[in-house]
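Heads up, entry_17.tsv below (TSV, C-alpha atoms and all ligand atoms):
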chain	number	residue	atom	x	y	z
Q	121	MET	CA	-24.41	-21.88	-35.35
Q	122	LYS	CA	-21.28	-22.02	-33.23
Q	123	SER	CA	-21.59	-23.13	-29.59
Q	124	GLU	CA	-20.27	-20.78	-26.86
Q	125	SER	CA	-17.01	-22.73	-26.59
Q	126	GLN	CA	-16.51	-22.68	-30.37
Q	127	LYS	CA	-16.85	-18.91	-30.64
Q	128	PRO	CA	-13.54	-17.28	-31.48
Q	129	LYS	CA	-12.07	-15.16	-28.71
Q	130	THR	CA	-12.02	-11.56	-29.95
Q	131	VAL	CA	-9.50	-10.40	-27.39
Q	132	VAL	CA	-6.54	-11.80	-25.51
Q	133	VAL	CA	-6.62	-10.90	-21.83
Q	134	THR	CA	-3.49	-11.10	-19.66
Q	135	ILE	CA	-3.22	-10.60	-15.91
Q	136	ASP	CA	0.02	-9.02	-14.71
Q	137	GLU	CA	1.79	-11.65	-12.61
Q	138	ASN	CA	3.66	-8.95	-10.67
Q	139	SER	CA	0.51	-7.16	-9.51
Q	140	GLY	CA	-1.34	-7.97	-6.32
Q	141	PHE	CA	-0.48	-8.37	-2.66
Q	142	CYS	CA	3.08	-7.83	-1.48
Q	143	PHE	CA	4.46	-10.36	1.01
Q	144	GLY	CA	3.63	-8.05	3.96
Q	145	VAL	CA	-0.05	-8.09	3.10
Q	146	VAL	CA	-0.07	-11.82	2.27
Q	147	ASN	CA	1.43	-12.46	5.70
Q	148	ALA	CA	-1.14	-10.25	7.48
Q	149	ILE	CA	-4.08	-11.89	5.71
Q	150	SER	CA	-2.86	-15.40	6.38
Q	151	LYS	CA	-2.39	-14.56	10.08
Q	152	ALA	CA	-5.96	-13.21	10.16
Q	153	GLU	CA	-7.36	-16.26	8.35
Q	154	GLU	CA	-5.52	-18.66	10.65
Q	155	SER	CA	-6.88	-16.96	13.76
Q	156	LEU	CA	-10.40	-16.68	12.31
Q	157	HIS	CA	-10.32	-20.37	11.48
Q	158	ASN	CA	-9.62	-21.14	15.15
Q	159	VAL	CA	-11.86	-18.64	16.94
Q	160	GLY	CA	-14.31	-17.24	14.34
Q	161	HIS	CA	-13.87	-13.62	15.42
Q	162	LEU	CA	-10.99	-11.20	15.42
Q	163	TYR	CA	-10.63	-7.45	15.79
Q	164	CYS	CA	-8.40	-5.70	13.27
Q	165	LEU	CA	-7.06	-2.23	13.99
Q	166	GLY	CA	-7.84	-0.36	10.74
Q	167	ASP	CA	-8.40	-1.86	7.29
Q	168	ILE	CA	-6.17	-4.92	6.87
Q	169	VAL	CA	-5.74	-3.97	3.22
Q	170	HIS	CA	-6.96	-0.92	1.30
Q	171	ASN	CA	-9.38	-2.91	-0.74
Q	172	SER	CA	-13.05	-3.00	0.19
Q	173	GLN	CA	-13.78	-6.25	-1.70
Q	174	GLU	CA	-11.12	-8.15	0.26
Q	175	GLN	CA	-12.28	-6.48	3.46
Q	176	GLU	CA	-15.80	-7.72	2.77
Q	177	ARG	CA	-14.57	-11.29	2.21
Q	178	LEU	CA	-12.68	-11.27	5.51
Q	179	SER	CA	-15.52	-9.64	7.39
Q	180	LYS	CA	-17.76	-12.56	6.34
Q	181	LEU	CA	-15.19	-14.84	8.04
Q	182	GLY	CA	-15.47	-12.79	11.27
Q	183	LEU	CA	-12.90	-10.01	10.96
Q	184	GLU	CA	-14.14	-6.82	12.62
Q	185	VAL	CA	-12.37	-3.57	11.84
Q	186	ILE	CA	-11.97	-1.19	14.77
Q	187	THR	CA	-10.48	2.27	15.22
Q	188	HIS	CA	-7.81	3.41	17.69
Q	189	GLN	CA	-10.60	5.01	19.69
Q	190	ASP	CA	-12.50	1.67	19.84
Q	191	LEU	CA	-9.36	-0.09	21.08
Q	192	LYS	CA	-9.44	1.94	24.29
Q	193	ASN	CA	-12.76	0.29	25.20
Q	194	ILE	CA	-12.00	-3.29	24.14
Q	195	HIS	CA	-10.85	-5.77	26.82
Q	196	ASN	CA	-9.73	-9.41	26.86
Q	197	ALA	CA	-9.97	-9.85	23.10
Q	198	LYS	CA	-7.71	-10.77	20.19
Q	199	VAL	CA	-6.55	-7.79	18.14
Q	200	LEU	CA	-4.65	-8.02	14.88
Q	201	LEU	CA	-2.16	-5.29	14.00
Q	202	ARG	CA	-1.92	-5.00	10.23
Q	203	ALA	CA	1.17	-4.77	8.01
Q	204	HIS	CA	1.50	-0.95	8.33
Q	205	GLY	CA	2.80	-1.26	11.90
Q	206	GLU	CA	1.78	0.70	14.99
Q	207	PRO	CA	3.34	3.20	17.40
Q	208	PRO	CA	4.35	2.00	20.91
Q	209	GLU	CA	1.23	3.66	22.34
Q	210	THR	CA	-1.01	1.09	20.60
Q	211	TYR	CA	0.84	-1.82	22.23
Q	212	ARG	CA	0.58	-0.09	25.60
Q	213	ILE	CA	-3.20	0.41	25.32
Q	214	ALA	CA	-3.79	-3.15	24.10
Q	215	GLN	CA	-1.74	-4.62	26.94
Q	216	GLN	CA	-3.35	-2.38	29.55
Q	217	ASN	CA	-6.75	-3.77	28.47
Q	218	SER	CA	-5.45	-7.37	28.55
Q	219	ASN	CA	-5.93	-7.80	24.82
Q	220	LEU	CA	-3.93	-10.42	22.98
Q	221	ILE	CA	-2.03	-8.86	20.09
Q	222	ILE	CA	-1.58	-10.77	16.86
Q	223	ASP	CA	1.20	-8.73	15.35
Q	224	ALA	CA	1.10	-8.81	11.56
Q	225	SER	CA	3.31	-5.73	11.16
Q	226	CYS	CA	5.47	-6.23	8.08
Q	227	PRO	CA	9.09	-7.11	9.02
Q	228	VAL	CA	10.31	-4.39	6.62
Q	229	VAL	CA	8.28	-1.76	8.50
Q	230	LEU	CA	9.43	-3.11	11.88
Q	231	ARG	CA	13.07	-2.77	10.78
Q	232	LEU	CA	12.42	0.81	9.72
Q	233	GLN	CA	10.76	1.58	13.07
Q	234	THR	CA	13.84	0.25	14.89
Q	235	LYS	CA	16.17	2.34	12.70
Q	236	ILE	CA	14.21	5.52	13.40
Q	237	LYS	CA	14.09	4.80	17.14
Q	238	GLN	CA	17.86	4.29	17.18
Q	239	ALA	CA	18.49	7.50	15.21
Q	240	PHE	CA	16.27	9.43	17.60
Q	241	GLU	CA	17.95	8.03	20.70
Q	242	THR	CA	21.48	8.43	19.33
Q	243	ASN	CA	21.09	12.06	18.30
Q	244	PRO	CA	18.16	13.64	20.18
Q	245	ASP	CA	19.07	17.12	18.88
Q	246	ALA	CA	18.79	16.16	15.22
Q	247	GLN	CA	15.60	16.61	13.26
Q	248	ILE	CA	14.21	13.22	12.31
Q	249	VAL	CA	12.43	13.77	9.02
Q	250	ILE	CA	10.12	11.27	7.37
Q	251	TYR	CA	9.25	11.60	3.70
Q	252	GLY	CA	5.69	10.33	3.70
Q	253	LYS	CA	2.00	11.07	3.84
Q	254	VAL	CA	0.80	12.94	6.91
Q	255	GLY	CA	-1.65	10.79	8.87
Q	256	HIS	CA	-0.89	7.56	6.97
Q	257	ALA	CA	-0.99	4.58	9.34
Q	258	GLU	CA	2.60	3.52	8.63
Q	259	VAL	CA	3.83	7.09	9.10
Q	260	ASN	CA	1.99	7.37	12.44
Q	261	GLY	CA	3.80	4.22	13.56
Q	262	LEU	CA	7.14	5.72	12.49
Q	263	VAL	CA	6.55	9.08	14.17
Q	264	GLY	CA	5.61	7.15	17.33
Q	265	GLN	CA	9.20	5.87	17.56
Q	266	THR	CA	10.34	9.44	18.25
Q	267	CYS	CA	7.76	10.34	20.92
Q	268	GLY	CA	5.89	12.24	18.20
Q	269	LYS	CA	8.85	14.52	17.43
Q	270	ALA	CA	9.67	13.44	13.86
Q	271	VAL	CA	8.68	15.89	11.13
Q	272	VAL	CA	6.70	14.48	8.20
Q	273	VAL	CA	7.26	16.10	4.82
Q	274	GLU	CA	5.22	15.26	1.77
Q	275	ASN	CA	7.16	17.42	-0.70
Q	276	GLU	CA	9.80	20.14	-1.14
Q	277	GLN	CA	7.32	22.82	-0.09
Q	278	ASP	CA	6.89	21.14	3.33
Q	279	ALA	CA	10.68	20.77	3.59
Q	280	GLU	CA	11.09	24.58	3.39
Q	281	GLU	CA	9.98	24.63	7.03
Q	282	LEU	CA	12.94	22.52	8.26
Q	283	ASN	CA	15.75	24.11	10.23
Q	284	PHE	CA	18.75	23.71	7.91
Q	285	SER	CA	21.23	24.82	10.54
Q	286	LYS	CA	20.46	21.69	12.59
Q	287	ASP	CA	21.42	18.07	11.74
Q	288	ILE	CA	18.79	16.23	9.71
Q	289	VAL	CA	18.29	12.48	9.57
Q	290	LEU	CA	15.98	11.60	6.70
Q	291	PHE	CA	13.94	8.42	6.20
Q	292	SER	CA	11.16	7.48	3.81
Q	293	GLN	CA	7.80	5.80	4.24
Q	294	THR	CA	8.22	2.39	2.58
Q	295	THR	CA	5.73	3.02	-0.21
Q	296	LYS	CA	6.97	6.40	-1.47
Q	297	SER	CA	8.56	6.86	-4.89
Q	298	LEU	CA	12.35	6.74	-5.24
Q	299	GLU	CA	12.22	9.65	-7.65
Q	300	GLY	CA	10.46	11.89	-5.12
Q	301	PHE	CA	12.85	10.82	-2.35
Q	302	ASN	CA	15.92	11.64	-4.46
Q	303	ARG	CA	14.46	15.05	-5.36
Q	304	LEU	CA	13.90	15.76	-1.67
Q	305	ILE	CA	17.49	14.77	-0.79
Q	306	ASP	CA	18.82	17.21	-3.43
Q	307	PHE	CA	16.53	19.95	-2.19
Q	308	ILE	CA	17.65	19.58	1.44
Q	309	LYS	CA	21.35	19.09	0.56
Q	310	LYS	CA	21.45	22.45	-1.22
Q	311	ARG	CA	20.06	24.26	1.82
Q	312	MET	CA	22.13	22.77	4.65
Q	313	GLN	CA	24.00	25.46	6.55
Q	314	GLY	CA	27.29	25.62	8.48
Q	315	SER	CA	28.41	22.38	10.07
Q	316	ALA	CA	24.93	20.83	10.14
Q	317	THR	CA	24.81	17.42	8.48
Q	318	LEU	CA	22.27	15.57	6.41
Q	319	VAL	CA	22.16	11.80	6.78
Q	320	PHE	CA	19.60	9.94	4.71
Q	321	TYR	CA	18.45	6.34	4.50
Q	322	ASP	CA	16.71	4.93	1.47
Q	323	THR	CA	14.01	2.94	3.25
Q	324	ILE	CA	11.69	2.49	0.28
Q	325	CYS	CA	10.39	-1.06	0.00
Q	326	ARG	CA	11.52	-2.67	-3.25
Q	327	GLN	CA	8.33	-4.74	-3.31
Q	328	VAL	CA	6.71	-1.46	-4.30
Q	329	ALA	CA	9.54	0.51	-5.95
Q	330	ASN	CA	10.31	-2.33	-8.39
Q	331	ARG	CA	6.70	-2.46	-9.38
Q	332	VAL	CA	6.87	0.91	-11.08
Q	333	VAL	CA	9.37	-0.33	-13.68
Q	334	ARG	CA	7.58	-3.66	-14.09
Q	335	ILE	CA	4.06	-2.26	-14.35
Q	336	LYS	CA	5.14	0.32	-16.94
Q	337	ARG	CA	6.70	-2.45	-19.01
Q	338	PHE	CA	3.51	-4.49	-18.67
Q	339	ALA	CA	1.12	-1.61	-19.42
Q	340	SER	CA	2.96	-0.58	-22.58
Q	341	ASN	CA	2.20	-3.93	-24.25
Q	342	PHE	CA	-1.59	-3.78	-24.55
Q	343	ASP	CA	-4.28	-1.93	-26.50
Q	344	LEU	CA	-6.23	-1.40	-23.28
Q	345	ILE	CA	-5.40	-1.64	-19.60
Q	346	PHE	CA	-7.79	-2.15	-16.71
Q	347	PHE	CA	-6.11	-1.03	-13.53
Q	348	VAL	CA	-7.93	-2.69	-10.61
Q	349	SER	CA	-7.68	-1.03	-7.23
Q	350	ASP	CA	-9.62	0.49	-4.40
Q	351	LYS	CA	-9.81	4.29	-4.56
Q	352	LYS	CA	-8.46	4.39	-0.96
Q	353	SER	CA	-5.12	2.80	-1.92
Q	354	SER	CA	-2.32	5.37	-2.16
Q	355	ASN	CA	-0.06	2.79	-3.81
Q	356	GLY	CA	-2.89	2.21	-6.31
Q	357	LYS	CA	-2.93	5.88	-7.24
Q	358	VAL	CA	0.83	5.94	-7.81
Q	359	LEU	CA	0.88	2.80	-9.97
Q	360	PHE	CA	-2.16	3.91	-11.97
Q	361	GLU	CA	-0.40	7.17	-12.84
Q	362	GLU	CA	2.69	5.24	-13.93
Q	363	CYS	CA	0.57	3.11	-16.27
Q	364	CYS	CA	-0.99	6.26	-17.75
Q	365	LYS	CA	2.51	7.52	-18.63
Q	366	VAL	CA	3.07	4.65	-21.07
Q	367	ASN	CA	-0.43	3.89	-22.34
Q	368	ASP	CA	-3.18	6.39	-23.10
Q	369	ASN	CA	-5.95	3.78	-22.81
Q	370	VAL	CA	-5.74	2.95	-19.09
Q	371	HIS	CA	-8.92	2.71	-17.00
Q	372	PHE	CA	-9.17	2.63	-13.23
Q	373	ILE	CA	-11.81	0.19	-11.98
Q	374	SER	CA	-12.59	-1.18	-8.53
Q	375	SER	CA	-14.29	-4.39	-9.65
Q	376	ALA	CA	-15.66	-6.24	-12.69
Q	377	LYS	CA	-18.90	-4.26	-12.33
Q	378	ASP	CA	-17.11	-1.06	-13.42
Q	379	ILE	CA	-16.15	-2.37	-16.87
Q	380	ASP	CA	-17.61	-0.16	-19.58
Q	381	ILE	CA	-18.54	-2.47	-22.45
Q	382	SER	CA	-18.00	0.25	-25.06
Q	383	LEU	CA	-14.26	0.22	-24.24
Q	384	LEU	CA	-13.98	-3.37	-25.41
Q	385	LYS	CA	-14.83	-2.62	-29.03
Q	386	ASN	CA	-11.93	-2.64	-31.49
Q	387	VAL	CA	-9.27	-3.78	-29.00
Q	388	LYS	CA	-7.33	-7.00	-29.48
Q	389	THR	CA	-5.19	-7.16	-26.36
Q	390	ILE	CA	-6.20	-6.23	-22.82
Q	391	GLY	CA	-3.94	-6.18	-19.77
Q	392	ILE	CA	-5.18	-6.35	-16.18
Q	393	CYS	CA	-2.97	-5.06	-13.42
Q	394	GLY	CA	-3.38	-3.47	-10.01
Q	395	ALA	CA	-1.97	-2.24	-6.72
Q	396	THR	CA	-0.14	-4.10	-3.96
Q	397	SER	CA	-3.51	-4.20	-2.19
Q	398	THR	CA	-5.43	-5.77	-5.09
Q	399	PRO	CA	-6.38	-9.41	-4.54
Q	400	LYS	CA	-5.61	-11.84	-7.36
Q	401	TRP	CA	-9.18	-13.18	-7.30
Q	402	LEU	CA	-10.49	-9.68	-8.11
Q	403	MET	CA	-8.29	-9.43	-11.22
Q	404	GLU	CA	-9.46	-12.93	-12.24
Q	405	ASP	CA	-13.09	-11.78	-11.87
Q	406	VAL	CA	-12.32	-8.88	-14.19
Q	407	GLU	CA	-10.77	-11.27	-16.72
Q	408	LYS	CA	-13.89	-13.51	-16.68
Q	409	GLU	CA	-16.18	-10.51	-17.07
Q	410	ILE	CA	-14.21	-9.22	-20.08
Q	411	TYR	CA	-14.54	-12.57	-21.84
Q	412	LEU	CA	-18.27	-12.67	-21.08
Q	413	LYS	CA	-18.81	-9.16	-22.34
Q	414	THR	CA	-16.72	-9.58	-25.48
Q	415	GLU	CA	-18.62	-12.77	-26.37
Q	416	ASN	CA	-21.81	-10.74	-26.18
Q	417	LEU	CA	-20.30	-8.21	-28.57
Q	418	LEU	CA	-19.86	-10.89	-31.27
Q	501	LIG	S1	4.93	-2.72	0.68
Q	501	LIG	FE1	6.81	-3.59	1.51
Q	501	LIG	S2	6.95	-2.71	3.54
Q	501	LIG	FE2	4.86	-2.38	2.89
Q	501	LIG	S3	3.75	-4.15	3.66
Q	501	LIG	FE3	4.40	-4.65	1.58
Q	501	LIG	S4	6.34	-5.75	1.83
Q	501	LIG	FE4	5.92	-4.66	3.74
Let's see the structure in the file written out as structure tokens.
Amino acid sequence: MKSESQKPKTVVVTIDENSGFCFGVVNAISKAEESLHNVGHLYCLGDIVHNSQEQERLSKLGLEVITHQDLKNIHNAKVLLRAHGEPPETYRIAQQNSNLIIDASCPVVLRLQTKIKQAFETNPDAQIVIYGKVGHAEVNGLVGQTCGKAVVVENEQDAEELNFSKDIVLFSQTTKSLEGFNRLIDFIKKRMQGSATLVFYDTICRQVANRVVRIKRFASNFDLIFFVSDKKSSNGKVLFEECCKVNDNVHFISSAKDIDISLLKNVKTIGICGATSTPKWLMEDVEKEIYLKTENLL
């Protein structure tokens, strides 16, 4: 009888090296870990990353997630601002309560905030339009740069409501798709009236945009794909859909526990990929679990 190590591997499993945290999230997590190492407790305004497994790991180290409402009642504490960035109001409240801010806002988001603030101050009569998800933390931070006046549009239908006889300055949330942004530009361009102008800035983060091309290339190479992400991740939803376009055997899972053993029969190659909020260790767990399960199938 063959020992465990002598058993032939029935499948080859590959983890996508381009999946996982973007540098903005890596930076936020390392700032949190550094502070937790020194003081053992840290408040974080909102989920540091849209992945409950990683949240759980950090909460065991002492990271406590709070809401904007909670922040109003917290004094003399350390508060981490995550990569999504925050509106000026958050800084004001934190300072008023003598809290020490550990600012882990992604530099790409901070640059976008500055750009929007400048556009708003330079042309106060123009409509500042943000292509993004209403209520998303990053978008709230962007709208905050315009004293709440920027209009958020999620699609062409929302854009119908814009005033096309007034100047429009258009930006995008960093994680939106380039395709959708270009469609929106065309839509608005065709409707501009009189001497009103449309100025647009492609502010989509290439850490995310480039992943679409790469993940599609990756996903097309395997018999089966496990896409690992938290259901709360909007970037996860987008990338999962892209994988489905090139491979009809793609399965969304949140952890190794979700692997359905029946899927592993009759496949020779399995790819594991995920969102920008998926930790590498979670994809490695999935890889280990697949090997364990396929050995049991022998
Ligand atoms: S996706 Fe881009 S902008 Fe957003 S946190 Fe990551 S690096 Fe920063």
Please identify every residue of chain Q that has at least one atom no farther than 8 Å from an atom of ligand LIG 501 (chain Q), counting only C-alpha atoms and all ligand atoms, and for each give the shortest atom pair and the distance in Å to one decimal, arranged by chain then increasing number, as a tab-separated table.
residue	atom	partner	partner_atom	distance
Q:Phe141	CA	Q:LIG501	FE3	7.5
Q:Cys142	CA	Q:LIG501	FE3	4.6
Q:Phe143	CA	Q:LIG501	S4	5.0
Q:Gly144	CA	Q:LIG501	S3	3.9
Q:Val145	CA	Q:LIG501	S3	5.5
Q:Ala203	CA	Q:LIG501	S3	5.1
Q:His204	CA	Q:LIG501	S3	6.1
Q:Ser225	CA	Q:LIG501	S3	7.7
Q:Cys226	CA	Q:LIG501	FE4	4.6
Q:Pro227	CA	Q:LIG501	FE4	6.6
Q:Val228	CA	Q:LIG501	S2	4.9
Q:Val229	CA	Q:LIG501	S2	5.2
Q:Thr294	CA	Q:LIG501	S2	5.3
Q:Thr295	CA	Q:LIG501	S1	5.9
Q:Ile324	CA	Q:LIG501	S2	7.8
Q:Cys325	CA	Q:LIG501	FE1	4.6
Q:Arg326	CA	Q:LIG501	FE1	6.8
Q:Gln327	CA	Q:LIG501	FE1	5.2
Q:Val328	CA	Q:LIG501	S1	5.4
Q:Thr396	CA	Q:LIG501	S1	7.0
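Coordinates place CA of Glu415 in chain Q at a distance of 25.0 Å from CA of Asn367 in chain Q.
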task = Give me the residues within 9 Å of Gly261 in chain Q as a PyMOL selection string, counting only C-alpha atoms and dropping any in the same chain fewer than 6 places off.
result = chain Q and resi 204-208+233
Box time for range 205-208 of chain Q: axis-aligned, enclosing all its listed atoms, 4 Å extra on each side; report centre and edge lengths in Å to one decimal, as AutoDock Vina command-line options.
--center_x 3.1 --center_y 1.0 --center_z 16.4 --size_x 10.6 --size_y 12.5 --size_z 17.0
task = May I ask for the distance between CA of Gln189 in chain Q and CA of Leu162 in chain Q, given in Å to one decimal place?
result =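 One can read the CA of Gln189 in chain Q to CA of Leu162 in chain Q distance as 16.8 Å.
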inquiry  = I need every residue sitting at most 12 Å from the point (-2.2, 7.4, -5.3) (coordinates as in the file, all atoms listed in the file considered), written as a PyMOL selection string.
reply    = chain Q and resi 170+253+295-297+349-362+372+394-396
query = Which residue gives the smallest distance to Leu165 in chain Q among Q:Val406, Q:Val366, Q:Ala224, Q:Ala316, with only C-alpha atoms counted?
reply =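 Smallest separation from Leu165 in chain Q among the options: Q:Ala224.
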Pick from Q:Glu184, Q:Glu281, Q:Asp167, Q:Asp378, whichever lies nearest to Val249 in chain Q using all atoms listed in the file =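 Among the listed residues, Q:Glu281 lies closest to Val249 in chain Q.
For the pair CA of Val271 in chain Q and CA of Ile308 in chain Q, the interatomic distance is 13.7 Å.
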ask   = Which residues come within 12 Å of Leu191 in chain Q, counting only C-alpha atoms, excluding same-chain residues fewer than 3 positions away, as a VMD selection string?
value = chain Q and resid 163 to 166 184 to 188 194 to 201 209 to 221
Within 10 Å of Glu409 in chain Q using only C-alpha atoms, minus same-chain residues under 4 positions, as a count of residues only = 11
task = Compare Q:His371, Q:Lys385, Q:Lys237, Q:Arg337 by their minimum atom-to-atom distance to Thr266 in chain Q, counting only C-alpha atoms, and give me the closest one.
result =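 Closest residue, counting only C-alpha atoms: Q:Lys237.
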task = Determine, counting all atoms listed in the file, which protein, DNA and RNA residues have an atom within 9 Å of an atom of Val263 in chain Q; residues of the same chain fewer than 2 positions away are not included. Present the result as a list in words.
result =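 Here the qualifying residues turn out to be Pro207, Gln233, Ile236, Ile248, Ile250, Glu258, Val259, Asn260, Gly261, Gln265, Thr266, Cys267, Gly268, Lys269, Ala270, Val271 and Val272 of chain Q.
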task = Would you mind listing what lies within 12 Å of Ile390 in chain Q as a count of residues only, with all atoms listed in the file counted and same-chain residues fewer than 5 positions away left out?
result = 29
query = For Pro244 in chain Q, which residue among Q:Val169, Q:Val289, Q:Ile392, Q:Ala279 is the nearest when counting all atoms listed in the file?
reply =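 Checking each of Q:Val169, Q:Val289, Q:Ile392, Q:Ala279 against Pro244 in chain Q, counting all atoms listed in the file, the winner is Q:Val289.
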request  = Rank Q:Glu299, Q:Asp287, Q:Glu274, Q:Asp245 by their smallest atom-to-atom distance to Ser315 in chain Q, using only C-alpha atoms, and report the top residue only.
outcome  =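 The closest residue to Ser315 in chain Q is Q:Asp287.
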